[in-house]
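S.K.: Have a peek at model06.txt (compact mmCIF, C-alpha atoms).
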```
# COMPACT_ATOMS: atom_id res chain seq x y z
CA MET J 6 14.13 21.76 -10.45
CA VAL J 7 14.68 20.14 -13.81
CA SER J 8 18.21 18.93 -14.27
CA PRO J 9 19.84 21.09 -16.95
CA THR J 10 21.19 18.03 -18.76
CA THR J 11 17.84 16.28 -18.92
CA SER J 12 15.18 17.11 -21.44
CA ARG J 13 12.10 16.82 -19.30
CA PRO J 14 9.62 15.52 -21.86
CA ALA J 15 12.09 12.84 -22.99
CA ALA J 16 12.72 11.74 -19.40
CA GLU J 17 9.02 11.58 -18.75
CA ALA J 18 8.38 9.69 -21.96
CA ARG J 19 10.98 7.13 -20.91
CA ILE J 20 9.20 6.63 -17.56
CA TRP J 21 5.83 6.16 -19.29
CA GLU J 22 7.43 3.63 -21.63
CA GLU J 23 8.71 1.65 -18.66
CA LEU J 24 5.42 1.89 -16.76
CA ALA J 25 3.67 0.43 -19.83
CA ARG J 26 5.68 -2.77 -19.21
CA ILE J 27 4.35 -3.23 -15.66
CA PRO J 28 1.40 -5.65 -15.59
CA ASP J 29 -1.64 -5.17 -13.39
CA PRO J 30 -1.10 -7.53 -10.41
CA GLU J 31 -4.64 -8.97 -10.63
CA ILE J 32 -5.08 -9.10 -14.43
CA PRO J 33 -1.53 -9.37 -15.83
CA ALA J 34 -2.76 -9.23 -19.45
CA ILE J 35 -3.12 -5.47 -19.13
CA SER J 36 -0.46 -2.94 -18.12
CA VAL J 37 -0.96 -0.30 -15.44
CA VAL J 38 -0.80 2.36 -18.19
CA ASP J 39 -3.49 0.72 -20.35
CA LEU J 40 -5.59 0.24 -17.23
CA GLY J 41 -5.50 4.01 -16.77
CA VAL J 42 -4.30 3.98 -13.16
CA ILE J 43 -1.30 6.21 -13.84
CA GLY J 44 -2.56 9.77 -13.33
CA SER J 45 0.65 11.70 -13.89
CA VAL J 46 4.44 11.45 -13.96
CA GLU J 47 6.75 14.22 -12.77
CA VAL J 48 10.51 14.07 -13.15
CA GLU J 49 12.88 16.29 -11.18
CA GLY J 50 16.42 15.21 -11.91
CA ARG J 51 16.84 11.76 -10.35
CA ARG J 52 13.56 12.04 -8.47
CA VAL J 53 10.28 10.74 -9.93
CA ARG J 54 6.77 11.25 -8.61
CA VAL J 55 4.00 9.06 -10.01
CA GLU J 56 0.34 9.59 -9.16
CA LEU J 57 -1.62 6.35 -8.91
CA LEU J 58 -5.43 6.35 -9.22
CA PRO J 59 -6.86 3.24 -7.52
CA THR J 60 -9.55 1.39 -9.49
CA PHE J 61 -11.34 0.74 -6.19
CA VAL J 62 -10.60 2.51 -2.88
CA GLY J 63 -10.09 -0.83 -1.11
CA CYS J 64 -8.15 -2.55 -3.90
CA PRO J 65 -5.59 -4.79 -2.15
CA ALA J 66 -3.26 -4.54 -5.16
CA ILE J 67 -2.50 -0.85 -4.54
CA GLY J 68 0.51 -1.59 -2.33
CA VAL J 69 1.85 -4.15 -4.82
CA MET J 70 1.57 -1.61 -7.65
CA GLN J 71 3.38 1.05 -5.61
CA GLU J 72 6.24 -1.36 -4.88
CA GLN J 73 6.49 -2.65 -8.44
CA ILE J 74 6.61 0.85 -9.92
CA GLY J 75 9.33 1.97 -7.52
CA GLU J 76 11.42 -1.17 -7.99
CA ARG J 77 11.12 -1.10 -11.78
CA LEU J 78 12.10 2.52 -12.23
CA ARG J 79 15.08 2.17 -9.88
CA ALA J 80 16.20 -1.14 -11.43
CA GLU J 81 16.12 0.42 -14.92
CA GLY J 82 18.30 3.24 -13.61
CA LEU J 83 15.64 5.83 -14.38
CA ALA J 84 15.46 7.27 -10.87
CA ASP J 85 17.08 7.10 -7.45
CA ASP J 86 14.05 8.24 -5.56
CA VAL J 87 10.52 7.20 -6.58
CA GLU J 88 7.38 8.40 -4.86
CA VAL J 89 4.13 6.69 -5.85
CA ALA J 90 1.31 8.79 -4.40
CA ILE J 91 -2.32 7.62 -4.18
CA THR J 92 -4.89 10.18 -5.28
CA PHE J 93 -8.59 10.33 -6.16
CA ASP J 94 -8.10 13.50 -8.21
CA PRO J 95 -9.27 12.70 -10.81
CA PRO J 96 -11.14 9.57 -9.72
CA TRP J 97 -10.32 6.47 -11.72
CA THR J 98 -13.30 5.38 -13.80
CA SER J 99 -13.56 2.41 -16.15
CA ASP J 100 -13.60 4.90 -19.04
CA ARG J 101 -9.86 5.41 -18.41
CA ILE J 102 -9.02 1.95 -19.82
CA SER J 103 -7.34 2.53 -23.21
CA PRO J 104 -8.68 1.02 -26.47
CA ALA J 105 -5.63 -1.26 -26.56
CA GLY J 106 -6.30 -2.25 -22.95
CA ARG J 107 -9.91 -3.09 -23.78
CA GLU J 108 -8.78 -5.36 -26.58
CA ARG J 109 -6.27 -7.10 -24.31
CA LEU J 110 -8.98 -7.64 -21.71
CA ARG J 111 -11.29 -9.14 -24.32
CA LEU J 112 -8.56 -11.49 -25.61
CA SER J 113 -8.05 -12.80 -22.08
CA GLY J 114 -11.74 -13.53 -21.58
CA PHE J 115 -12.88 -10.33 -19.85
CA ALA J 116 -15.68 -8.23 -21.29
CA PRO J 117 -14.47 -4.62 -21.27
CA PRO J 118 -16.68 -2.25 -19.26
CA THR J 119 -19.41 -0.33 -21.10
CA PRO J 120 -19.12 3.49 -21.00
CA VAL J 121 -20.07 5.18 -17.73
CA PRO J 122 -23.34 7.12 -18.11
CA ALA J 123 -22.81 10.87 -17.86
CA GLY J 124 -24.55 13.27 -15.55
CA PRO J 125 -25.41 13.58 -11.89
CA ALA J 126 -27.24 10.23 -11.75
CA LEU J 127 -24.06 8.41 -10.82
CA GLY J 128 -24.24 6.99 -7.33
CA GLN J 129 -28.01 7.29 -7.18
CA LEU J 130 -30.34 4.37 -6.94
CA ASP J 131 -32.39 5.54 -9.94
CA GLU J 132 -29.42 4.94 -12.18
CA LEU J 133 -29.55 1.27 -11.30
CA ALA J 134 -32.60 0.68 -13.44
CA VAL J 135 -30.11 0.31 -16.27
CA LEU J 136 -27.74 -2.54 -15.56
CA PRO J 137 -24.48 -2.67 -17.48
CA ILE J 138 -24.66 -4.85 -20.56
CA ALA J 139 -21.72 -7.09 -21.41
CA VAL J 140 -20.74 -8.43 -24.79
CA CYS J 141 -19.49 -12.03 -24.59
CA PRO J 142 -15.68 -11.92 -25.07
CA TYR J 143 -15.76 -15.40 -26.65
CA CYS J 144 -18.53 -15.25 -29.27
CA GLY J 145 -19.44 -11.54 -29.39
CA SER J 146 -23.10 -12.13 -28.48
CA ARG J 147 -25.03 -9.50 -26.55
CA ASN J 148 -27.42 -12.19 -25.34
CA THR J 149 -25.81 -12.29 -21.89
CA THR J 150 -27.03 -12.03 -18.32
CA MET J 151 -25.33 -10.77 -15.19
CA ASP J 152 -25.02 -13.58 -12.65
CA ASN J 153 -23.40 -11.48 -9.94
CA PRO J 154 -22.30 -7.84 -9.88
CA PHE J 155 -19.56 -9.02 -7.48
CA GLY J 156 -16.76 -11.32 -8.55
CA PRO J 157 -13.37 -12.73 -7.59
CA THR J 158 -11.90 -9.24 -7.11
CA LEU J 159 -13.52 -5.89 -6.31
CA CYS J 160 -13.32 -4.78 -9.96
CA ARG J 161 -14.92 -7.82 -11.62
CA ALA J 162 -18.54 -8.94 -12.21
CA ILE J 163 -19.73 -12.38 -13.36
CA TYR J 164 -21.86 -12.96 -16.48
CA HIS J 165 -23.20 -15.86 -18.50
CA CYS J 166 -23.54 -16.01 -22.27
CA ALA J 167 -26.82 -17.57 -23.42
CA GLU J 168 -25.43 -18.02 -26.94
CA CYS J 169 -22.20 -19.97 -26.38
CA ARG J 170 -23.11 -20.97 -22.80
CA GLN J 171 -19.85 -19.74 -21.45
CA PRO J 172 -19.52 -17.97 -18.10
CA PHE J 173 -17.24 -14.93 -18.27
CA GLU J 174 -16.22 -11.89 -16.26
CA GLN J 175 -16.62 -8.21 -16.97
CA PHE J 176 -14.28 -5.54 -15.74
CA LYS J 177 -16.84 -3.56 -13.75
CA ARG J 178 -18.21 -0.30 -14.97
CA VAL J 179 -17.49 2.20 -12.23
CA MET L 4 -3.56 10.26 -0.07
CA THR L 5 -3.92 13.69 -1.52
CA THR L 6 -2.07 15.98 0.79
CA ALA L 7 -3.93 19.15 1.65
CA ARG L 8 -2.46 20.78 4.71
CA VAL L 9 -5.46 22.73 5.81
CA GLU L 10 -5.11 25.47 8.34
CA LEU L 11 -8.22 25.15 10.44
CA GLU L 12 -9.09 26.68 13.79
CA VAL L 13 -8.86 24.06 16.51
CA PRO L 14 -12.63 23.78 17.15
CA VAL L 15 -13.29 23.36 13.42
CA ARG L 16 -10.54 20.79 13.06
CA ASP L 17 -11.91 18.85 16.02
CA ALA L 18 -15.40 18.90 14.52
CA LEU L 19 -14.06 17.71 11.15
CA ALA L 20 -12.16 14.93 12.93
CA GLY L 21 -15.45 13.89 14.57
CA LEU L 22 -17.20 13.80 11.20
CA LEU L 23 -14.46 11.71 9.58
CA LEU L 24 -14.43 9.34 12.55
CA SER L 25 -18.20 8.83 12.42
CA VAL L 26 -18.21 7.89 8.72
CA ALA L 27 -15.06 5.77 9.03
CA ASP L 28 -16.40 3.84 12.02
CA ASP L 29 -19.72 3.19 10.24
CA GLU L 30 -17.92 1.71 7.22
CA PHE L 31 -15.46 -0.20 9.40
CA VAL L 32 -18.09 -1.82 11.63
CA ILE L 33 -20.55 -2.74 8.87
CA GLY L 34 -17.61 -4.14 6.90
CA PHE L 35 -16.73 -6.46 9.77
CA TRP L 36 -20.35 -7.53 10.28
CA ASP L 37 -20.60 -8.33 6.55
CA SER L 38 -17.42 -10.34 6.71
CA GLU L 39 -19.17 -12.61 9.23
CA TRP L 40 -21.16 -14.00 6.26
CA THR L 41 -18.07 -15.13 4.35
CA GLY L 42 -18.44 -18.87 3.75
CA ILE L 43 -21.93 -19.20 5.26
CA ALA L 44 -24.17 -16.94 3.14
CA PRO L 45 -27.35 -18.58 1.76
CA MET L 46 -25.74 -19.25 -1.64
CA LEU L 47 -22.35 -19.13 -3.31
CA GLU L 48 -23.12 -15.86 -5.15
CA GLU L 49 -23.83 -14.23 -1.80
CA ASP L 50 -20.61 -15.54 -0.28
CA VAL L 51 -18.84 -13.67 -3.05
CA ALA L 52 -21.07 -10.59 -2.90
CA THR L 53 -21.00 -10.03 0.88
CA SER L 54 -17.25 -10.66 1.00
CA SER L 55 -16.68 -8.19 -1.82
CA ILE L 56 -18.91 -5.57 -0.22
CA ALA L 57 -17.15 -6.08 3.12
CA GLN L 58 -13.79 -5.56 1.42
CA ASP L 59 -15.07 -2.34 -0.16
CA GLU L 60 -16.35 -1.01 3.17
CA LEU L 61 -13.10 -1.81 4.97
CA GLY L 62 -11.20 -0.12 2.14
CA HIS L 63 -13.36 2.98 2.56
CA ALA L 64 -12.76 2.91 6.31
CA LYS L 65 -9.01 2.63 5.78
CA ALA L 66 -8.96 5.64 3.43
CA LEU L 67 -11.08 7.68 5.87
CA TYR L 68 -8.90 6.72 8.87
CA GLU L 69 -5.88 7.86 6.83
CA LEU L 70 -7.51 11.25 6.16
CA LEU L 71 -8.25 11.53 9.86
CA ALA L 72 -4.73 10.49 10.84
CA GLU L 73 -3.32 13.17 8.56
CA LEU L 74 -5.61 15.81 10.06
CA THR L 75 -4.85 14.92 13.69
CA ASP L 76 -1.26 13.72 13.25
CA ASP L 77 -2.22 10.24 14.41
CA ASP L 78 -1.79 6.71 13.03
CA ALA L 79 -4.57 5.05 10.98
CA ASP L 80 -3.90 1.58 12.41
CA ARG L 81 -4.01 2.88 15.94
CA ILE L 82 -7.32 4.62 15.29
CA ALA L 83 -8.79 1.51 13.67
CA PHE L 84 -7.63 -1.10 16.17
CA GLY L 85 -6.25 0.70 19.21
CA ARG L 86 -9.42 1.99 20.85
CA GLU L 87 -11.63 0.63 23.60
CA THR L 88 -15.26 -0.11 22.66
CA ASP L 89 -16.60 3.14 24.12
CA ALA L 90 -14.36 5.25 21.84
CA TYR L 91 -15.99 4.02 18.59
CA ARG L 92 -18.48 6.43 17.01
CA HIS L 93 -20.53 4.27 14.63
CA ALA L 94 -24.30 4.72 14.53
CA ALA L 95 -26.43 2.59 16.88
CA LEU L 96 -27.80 0.80 13.76
CA LEU L 97 -24.44 -0.98 13.55
CA ASN L 98 -24.43 -2.18 17.17
CA HIS L 99 -26.52 -5.26 16.38
CA ALA L 100 -25.07 -8.69 15.58
CA ARG L 101 -25.55 -9.74 11.98
CA GLY L 102 -28.66 -11.86 12.78
CA ASP L 103 -30.27 -13.94 10.06
CA TRP L 104 -30.14 -13.14 6.34
CA ALA L 105 -33.33 -11.04 6.41
CA PHE L 106 -31.92 -9.02 9.31
CA SER L 107 -28.70 -8.37 7.39
CA VAL L 108 -30.66 -7.39 4.28
CA ALA L 109 -32.86 -5.00 6.27
CA ARG L 110 -29.88 -3.36 7.94
CA ARG L 111 -27.92 -3.13 4.73
CA TYR L 112 -30.87 -1.49 3.00
CA LEU L 113 -31.31 1.04 5.83
CA TYR L 114 -27.59 1.75 6.01
CA GLU L 115 -26.84 1.92 2.29
CA THR L 116 -29.70 4.31 1.57
CA ALA L 117 -28.64 6.55 4.49
CA ASP L 118 -24.98 6.36 3.50
CA GLY L 119 -25.94 7.26 -0.09
CA VAL L 120 -27.60 10.50 1.07
CA ARG L 121 -24.64 11.34 3.30
CA LEU L 122 -22.01 10.64 0.62
CA ALA L 123 -23.83 12.79 -1.94
CA SER L 124 -23.45 15.68 0.50
CA LEU L 125 -19.84 14.92 1.49
CA ALA L 126 -18.84 14.81 -2.18
CA ARG L 127 -19.44 18.58 -2.09
CA SER L 128 -17.45 19.17 1.13
CA ALA L 129 -15.10 22.14 1.27
CA HIS L 130 -12.50 19.75 2.73
CA GLU L 131 -11.17 18.70 -0.67
CA PRO L 132 -9.56 15.37 0.29
CA LEU L 133 -12.90 14.30 1.78
CA ALA L 134 -14.88 15.51 -1.24
CA LEU L 135 -12.62 13.57 -3.62
CA LEU L 136 -12.76 10.40 -1.56
CA ALA L 137 -16.55 10.62 -1.12
CA GLY L 138 -16.96 11.11 -4.87
CA LYS L 139 -14.93 7.99 -5.55
CA MET L 140 -16.73 5.99 -2.85
CA ARG L 141 -20.12 6.85 -4.38
CA ARG L 142 -19.18 5.07 -7.60
CA GLU L 143 -18.59 1.89 -5.62
CA GLU L 144 -21.55 2.31 -3.29
CA THR L 145 -23.81 2.27 -6.36
CA TYR L 146 -23.18 -1.48 -6.51
CA HIS L 147 -23.93 -1.86 -2.79
CA LEU L 148 -27.23 -0.03 -3.25
CA LEU L 149 -28.05 -2.27 -6.20
CA HIS L 150 -27.38 -5.33 -4.06
CA ALA L 151 -29.33 -4.11 -1.02
CA ASP L 152 -32.25 -2.94 -3.14
CA ALA L 153 -32.47 -6.22 -5.10
CA TRP L 154 -32.49 -8.31 -1.94
CA PHE L 155 -34.91 -6.07 -0.10
CA ARG L 156 -37.43 -6.33 -2.95
CA ARG L 157 -36.85 -10.05 -3.35
CA LEU L 158 -37.71 -10.74 0.30
CA ALA L 159 -40.46 -8.12 0.51
CA ASP L 160 -42.23 -9.53 -2.55
CA GLY L 161 -41.48 -13.17 -1.78
CA ALA L 162 -42.80 -15.97 0.43
CA PRO L 163 -44.47 -15.09 3.76
CA GLU L 164 -41.62 -16.30 5.96
CA GLY L 165 -39.00 -14.09 4.34
CA ARG L 166 -41.40 -11.18 4.24
CA ASP L 167 -42.24 -11.56 7.96
CA ARG L 168 -38.60 -11.80 8.96
CA LEU L 169 -37.73 -8.74 6.89
CA ARG L 170 -40.61 -6.76 8.40
CA ASP L 171 -39.61 -7.75 11.95
CA ALA L 172 -36.03 -6.70 11.23
CA VAL L 173 -37.07 -3.29 9.86
CA GLU L 174 -39.25 -2.70 12.94
CA CYS L 175 -36.42 -3.78 15.25
CA LEU L 176 -33.86 -1.52 13.54
CA TRP L 177 -36.01 1.49 12.68
CA ALA L 178 -35.22 3.60 15.76
CA ASP L 179 -31.48 2.93 15.62
CA ALA L 180 -31.37 3.56 11.84
CA GLN L 181 -32.20 7.23 12.46
CA ASP L 182 -28.90 7.57 14.31
CA VAL L 183 -26.82 7.49 11.13
CA PHE L 184 -27.87 11.17 11.19
CA ALA L 185 -27.21 11.77 14.90
CA PRO L 186 -26.03 15.35 15.51
CA LEU L 187 -22.25 15.80 15.59
CA ALA L 188 -20.24 17.89 18.04
CA GLY L 189 -19.42 21.21 16.39
CA GLU L 190 -21.80 20.52 13.52
CA ASP L 191 -22.71 24.24 13.27
CA LEU L 192 -19.05 25.02 12.53
CA LEU L 193 -18.85 22.28 9.89
CA VAL L 194 -21.93 23.62 8.13
CA ARG L 195 -20.77 27.23 8.46
CA ASP L 196 -17.49 26.43 6.70
CA GLY L 197 -19.01 24.11 4.09
CA LEU L 198 -17.12 21.08 5.40
CA LEU L 199 -20.50 19.41 5.89
CA PRO L 200 -22.65 21.00 3.17
CA GLU L 201 -26.01 20.17 4.84
CA PRO L 202 -26.79 19.74 8.55
CA MET L 203 -27.60 16.20 9.67
CA HIS L 204 -31.30 16.97 10.22
CA GLU L 205 -31.65 17.95 6.55
CA LEU L 206 -29.88 14.80 5.40
CA HIS L 207 -32.15 12.82 7.71
CA ALA L 208 -35.25 14.38 6.12
CA ALA L 209 -33.91 13.62 2.63
CA TRP L 210 -33.31 10.01 3.60
CA LEU L 211 -36.81 9.60 5.08
CA ALA L 212 -38.39 11.03 1.94
CA ARG L 213 -36.56 8.45 -0.12
CA SER L 214 -36.69 5.32 2.04
CA ARG L 215 -40.19 5.54 3.57
CA PRO L 216 -42.11 4.88 0.32
CA ILE L 217 -40.11 1.64 -0.07
CA LEU L 218 -40.28 0.57 3.58
CA GLU L 219 -43.88 1.34 4.53
CA PRO L 220 -45.65 -1.02 2.11
CA LEU L 221 -43.80 -3.76 4.01
CA ALA L 222 -43.63 -2.47 7.56
CA GLY L 223 -46.73 -0.27 7.79
CA ASP L 224 -46.57 3.21 9.27
CA LEU L 225 -43.16 3.79 10.74
CA ALA L 226 -43.00 6.09 13.76
CA ASP L 227 -41.49 9.55 13.37
CA ARG L 228 -38.28 9.42 15.33
CA ARG L 229 -35.49 11.90 15.58
CA PRO L 230 -31.87 10.83 15.64
CA SER L 231 -30.84 10.72 19.30
CA ALA L 232 -28.07 12.71 20.95
CA ASP L 233 -26.37 9.49 22.10
CA GLY L 234 -26.93 7.77 18.73
CA ARG L 235 -23.19 7.42 18.14
CA THR L 236 -22.06 6.66 21.70
CA ARG L 237 -24.41 3.87 22.84
CA ARG L 238 -22.59 0.51 22.75
CA THR L 239 -23.83 -3.07 23.13
CA ASP L 240 -22.54 -6.51 24.05
CA ASP L 241 -22.87 -7.50 20.39
CA PHE L 242 -20.41 -4.77 19.45
CA ALA L 243 -18.10 -5.71 22.33
CA TRP L 244 -17.94 -9.23 20.86
CA LEU L 245 -17.16 -7.91 17.35
CA HIS L 246 -14.52 -5.57 18.79
CA GLY L 247 -12.86 -8.57 20.42
CA GLU L 248 -12.78 -10.29 17.02
CA PHE L 249 -11.43 -7.44 14.92
CA THR L 250 -8.78 -6.36 17.45
CA MET L 251 -7.53 -9.91 17.99
CA VAL L 252 -4.53 -9.66 15.66
CA ALA L 253 -3.63 -6.15 16.82
CA ARG L 254 -3.73 -7.32 20.45
CA SER L 255 -1.70 -10.47 19.86
CA GLU L 256 0.91 -8.85 17.56
CA GLU L 257 1.71 -5.37 18.72
CA GLY L 258 2.47 -3.11 15.75
CA ALA L 259 0.89 -5.46 13.22
CA THR L 260 -0.27 -3.63 10.08
CA TRP L 261 -3.27 -4.31 7.86
```
Produce structure tokens that represent the structure in this file.
M.R.:
Amino acid sequence: MVSPTTSRPAAEARIWEELARIPDPEIPAISVVDLGVIGSVEVEGRRVRVELLPTFVGCPAIGVMQEQIGERLRAEGLADDVEVAITFDPPWTSDRISPAGRERLRLSGFAPPTPVPAGPALGQLDELAVLPIAVCPYCGSRNTTMDNPFGPTLCRAIYHCAECRQPFEQFKRV
Amino acid sequence: MTTARVELEVPVRDALAGLLLSVADDEFVIGFWDSEWTGIAPMLEEDVATSSIAQDELGHAKALYELLAELTDDDADRIAFGRETDAYRHAALLNHARGDWAFSVARRYLYETADGVRLASLARSAHEPLALLAGKMRREETYHLLHADAWFRRLADGAPEGRDRLRDAVECLWADAQDVFAPLAGEDLLVRDGLLPEPMHELHAAWLARSRPILEPLAGDLADRRPSADGRTRRTDDFAWLHGEFTMVARSEEGATW
């Protein structure tokens, strides 16, 4: 039920606006909205349901995000009851990061992920012949090599730039 | 988790629970074996890589235990940590201690390739929460396959000692590796209803077709072996030791959560 006194789109827009102020717990330069982990927002009167799409299934920041979203929306007086549900429908992919989010990643020293290749090859070994390329976030060179597809968190890979000799991280393409 | 209250006949629900438990236990146990390399892998990059892969696998196990708990009205933590050793249903491949690096590489290669075939099928399961989760897991497992494949080739094409150790490990694990595809109780019902899109023997054949051409140049002709009926119930002292490790917190702090 939509409260008769509340214009639903406006209420939803206000929630999105607030969510855009919540930083990602692991990379605070980017908000959870720019990261693309907010799947949907539903408002029913004083009750809000947010769908959260984990970047990685085992991401340890999921619980922190759920808590922060609930606390923030209640503290701002936008809801009394907040449910933050985890779903894989649709699955989060690195293509969900917004253009603004990509720029914020780059400014904080992370190469944004390259686009995910289309088609059924995903998840197959054959696809691995083509490793993701990263553009150095410091000097813009494409003369980079992947040092380790695994990094300090599940969603980050480690690269080295042969041009400016700077190690850097890429938000993983997934 | 995505809530999908499915109305299933009891025998079908039980079979689905068995399927979920088998995949969850595989991911859970290999995740804990991998975590045994944290801090002592051959190089810093591998400390990071094995720890990250272990964290992925445990995350997959957690999500699968939660699906199972929802289906059977149980508790995911209890399923993960509250069972005796003989109630785990991981494949015999995962009974062995982590061994040396070549042994871990061989097992990871065998497991990741088998898991890849299984996940591709489960991503088409008629049980939608499982299909969605499997689809998401595949995106992450791509990186695990990349890692296993790179290391397998590096050792197989490298110096004699590494090559010999890798070959010995493949020979040691070959029979037990088949058991990732051990038949499941009620499998005919799962296939009938599209919950498991292909029977295990078909997945097994698909895996052999894919892995043999990579394995045989190293290990020579590998014997034709069928997955065994007790492939998910045999347990070893190695696993009993690991079980003691991963249940330690749950045993010392009743009700502890992960």
S.K.: Select all residues from chain J having any atom no more than 8 Å from an atom of chain L (counting all atoms listed in the file, ignoring ligands), output as a VMD selection string.
M.R.: chain J and resid 61 to 64 90 to 97 127 to 130 133 153 to 159 179
S.K.: Let me have the centre and edge lengths in Å, one decimal, of the box along x, y and z around every listed atom of region 10-21 of chain L with 5 Å of margin on each side, as lines of an AutoDock Vina configuration file.
M.R.:
```
center_x = -10.3
center_y = 20.3
center_z = 12.7
size_x = 20.3
size_y = 22.8
size_z = 18.8
```
S.K.: Could you list, as a compact mmCIF listing (two decimals) with C-alpha atoms, in the frame of the given file, every residue within 12 Å of Asn98 (chain L), counting all atoms listed in the file and ignoring same-chain residues fewer than 4 positions away?
M.R.:
```txt
# COMPACT_ATOMS: atom_id res chain seq x y z
CA ASP L 28 -16.40 3.84 12.02
CA ASP L 29 -19.72 3.19 10.24
CA VAL L 32 -18.09 -1.82 11.63
CA ILE L 33 -20.55 -2.74 8.87
CA PHE L 35 -16.73 -6.46 9.77
CA TRP L 36 -20.35 -7.53 10.28
CA THR L 88 -15.26 -0.11 22.66
CA ASP L 89 -16.60 3.14 24.12
CA TYR L 91 -15.99 4.02 18.59
CA ARG L 92 -18.48 6.43 17.01
CA HIS L 93 -20.53 4.27 14.63
CA ALA L 94 -24.30 4.72 14.53
CA GLY L 102 -28.66 -11.86 12.78
CA ARG L 110 -29.88 -3.36 7.94
CA LEU L 176 -33.86 -1.52 13.54
CA ASP L 179 -31.48 2.93 15.62
CA ALA L 180 -31.37 3.56 11.84
CA ASP L 182 -28.90 7.57 14.31
CA VAL L 183 -26.82 7.49 11.13
CA GLY L 234 -26.93 7.77 18.73
CA ARG L 235 -23.19 7.42 18.14
CA THR L 236 -22.06 6.66 21.70
CA ARG L 237 -24.41 3.87 22.84
CA ARG L 238 -22.59 0.51 22.75
CA THR L 239 -23.83 -3.07 23.13
CA ASP L 240 -22.54 -6.51 24.05
CA ASP L 241 -22.87 -7.50 20.39
CA PHE L 242 -20.41 -4.77 19.45
CA ALA L 243 -18.10 -5.71 22.33
CA TRP L 244 -17.94 -9.23 20.86
CA LEU L 245 -17.16 -7.91 17.35
CA HIS L 246 -14.52 -5.57 18.79
```
S.K.: Please list as a ChimeraX atom specification every residue within 8 Å of Cys141 (chain J), counting all atoms listed in the file and excluding residues in the same chain fewer than 5 positions away.
M.R.: /J:116,146-149,166,173
S.K.: In terms of the shortest atom-to-atom distance over all atoms listed in the file, which of L:Pro14, L:Gly258, L:Gly223, L:Pro216 is closest to Glu174 (chain L)?
M.R.: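 For Glu174 (chain L), the nearest of the given residues is L:Gly223.
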S.K.: Can you tell me how far CA of Arg161 (chain J) sits from CA of Met70 (chain J), in Å to one decimal?
M.R.: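 These two atoms are separated by 18.1 Å.
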S.K.: So that I can see what lies close to Gln73 (chain J), please list as number ranges by chain the residues with an atom at most 10 Å from it, counting all atoms listed in the file and leaving out residues fewer than 2 positions away in the same chain.
M.R.: J: 24, 27-30, 67-71, 75-79, 89
S.K.: Give me, please, the distance in Å between CA of Asp17 (chain L) and CA of Ser231 (chain L), quoted to one decimal.
M.R.: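 Going from CA of Asp17 (chain L) over to CA of Ser231 (chain L), I get 20.9 Å.
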S.K.: Please list as an mmCIF file with C-alpha atoms, keeping the file's coordinate frame every residue within 12 Å of region 158-161 of chain L, counting all atoms listed in the file and excluding residues in the same chain fewer than 4 positions away.
M.R.:
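So the final result, stored in part_21.cif, reads:
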```cif
data_model
loop_
_atom_site.group_PDB
_atom_site.id
_atom_site.type_symbol
_atom_site.label_atom_id
_atom_site.label_comp_id
_atom_site.auth_asym_id
_atom_site.auth_seq_id
_atom_site.Cartn_x
_atom_site.Cartn_y
_atom_site.Cartn_z
ATOM 1 C CA TRP L 104 -30.140 -13.140 6.340
ATOM 2 C CA ALA L 105 -33.330 -11.040 6.410
ATOM 3 C CA PHE L 106 -31.920 -9.020 9.310
ATOM 4 C CA SER L 107 -28.700 -8.370 7.390
ATOM 5 C CA VAL L 108 -30.660 -7.390 4.280
ATOM 6 C CA ALA L 109 -32.860 -5.000 6.270
ATOM 7 C CA TYR L 112 -30.870 -1.490 3.000
ATOM 8 C CA ALA L 151 -29.330 -4.110 -1.020
ATOM 9 C CA ASP L 152 -32.250 -2.940 -3.140
ATOM 10 C CA ALA L 153 -32.470 -6.220 -5.100
ATOM 11 C CA TRP L 154 -32.490 -8.310 -1.940
ATOM 12 C CA GLY L 165 -39.000 -14.090 4.340
ATOM 13 C CA ARG L 166 -41.400 -11.180 4.240
ATOM 14 C CA ASP L 167 -42.240 -11.560 7.960
ATOM 15 C CA ARG L 168 -38.600 -11.800 8.960
ATOM 16 C CA LEU L 169 -37.730 -8.740 6.890
ATOM 17 C CA ARG L 170 -40.610 -6.760 8.400
ATOM 18 C CA ASP L 171 -39.610 -7.750 11.950
ATOM 19 C CA ALA L 172 -36.030 -6.700 11.230
ATOM 20 C CA VAL L 173 -37.070 -3.290 9.860
ATOM 21 C CA ILE L 217 -40.110 1.640 -0.070
ATOM 22 C CA LEU L 218 -40.280 0.570 3.580
ATOM 23 C CA GLU L 219 -43.880 1.340 4.530
ATOM 24 C CA PRO L 220 -45.650 -1.020 2.110
ATOM 25 C CA LEU L 221 -43.800 -3.760 4.010
ATOM 26 C CA ALA L 222 -43.630 -2.470 7.560
#
```
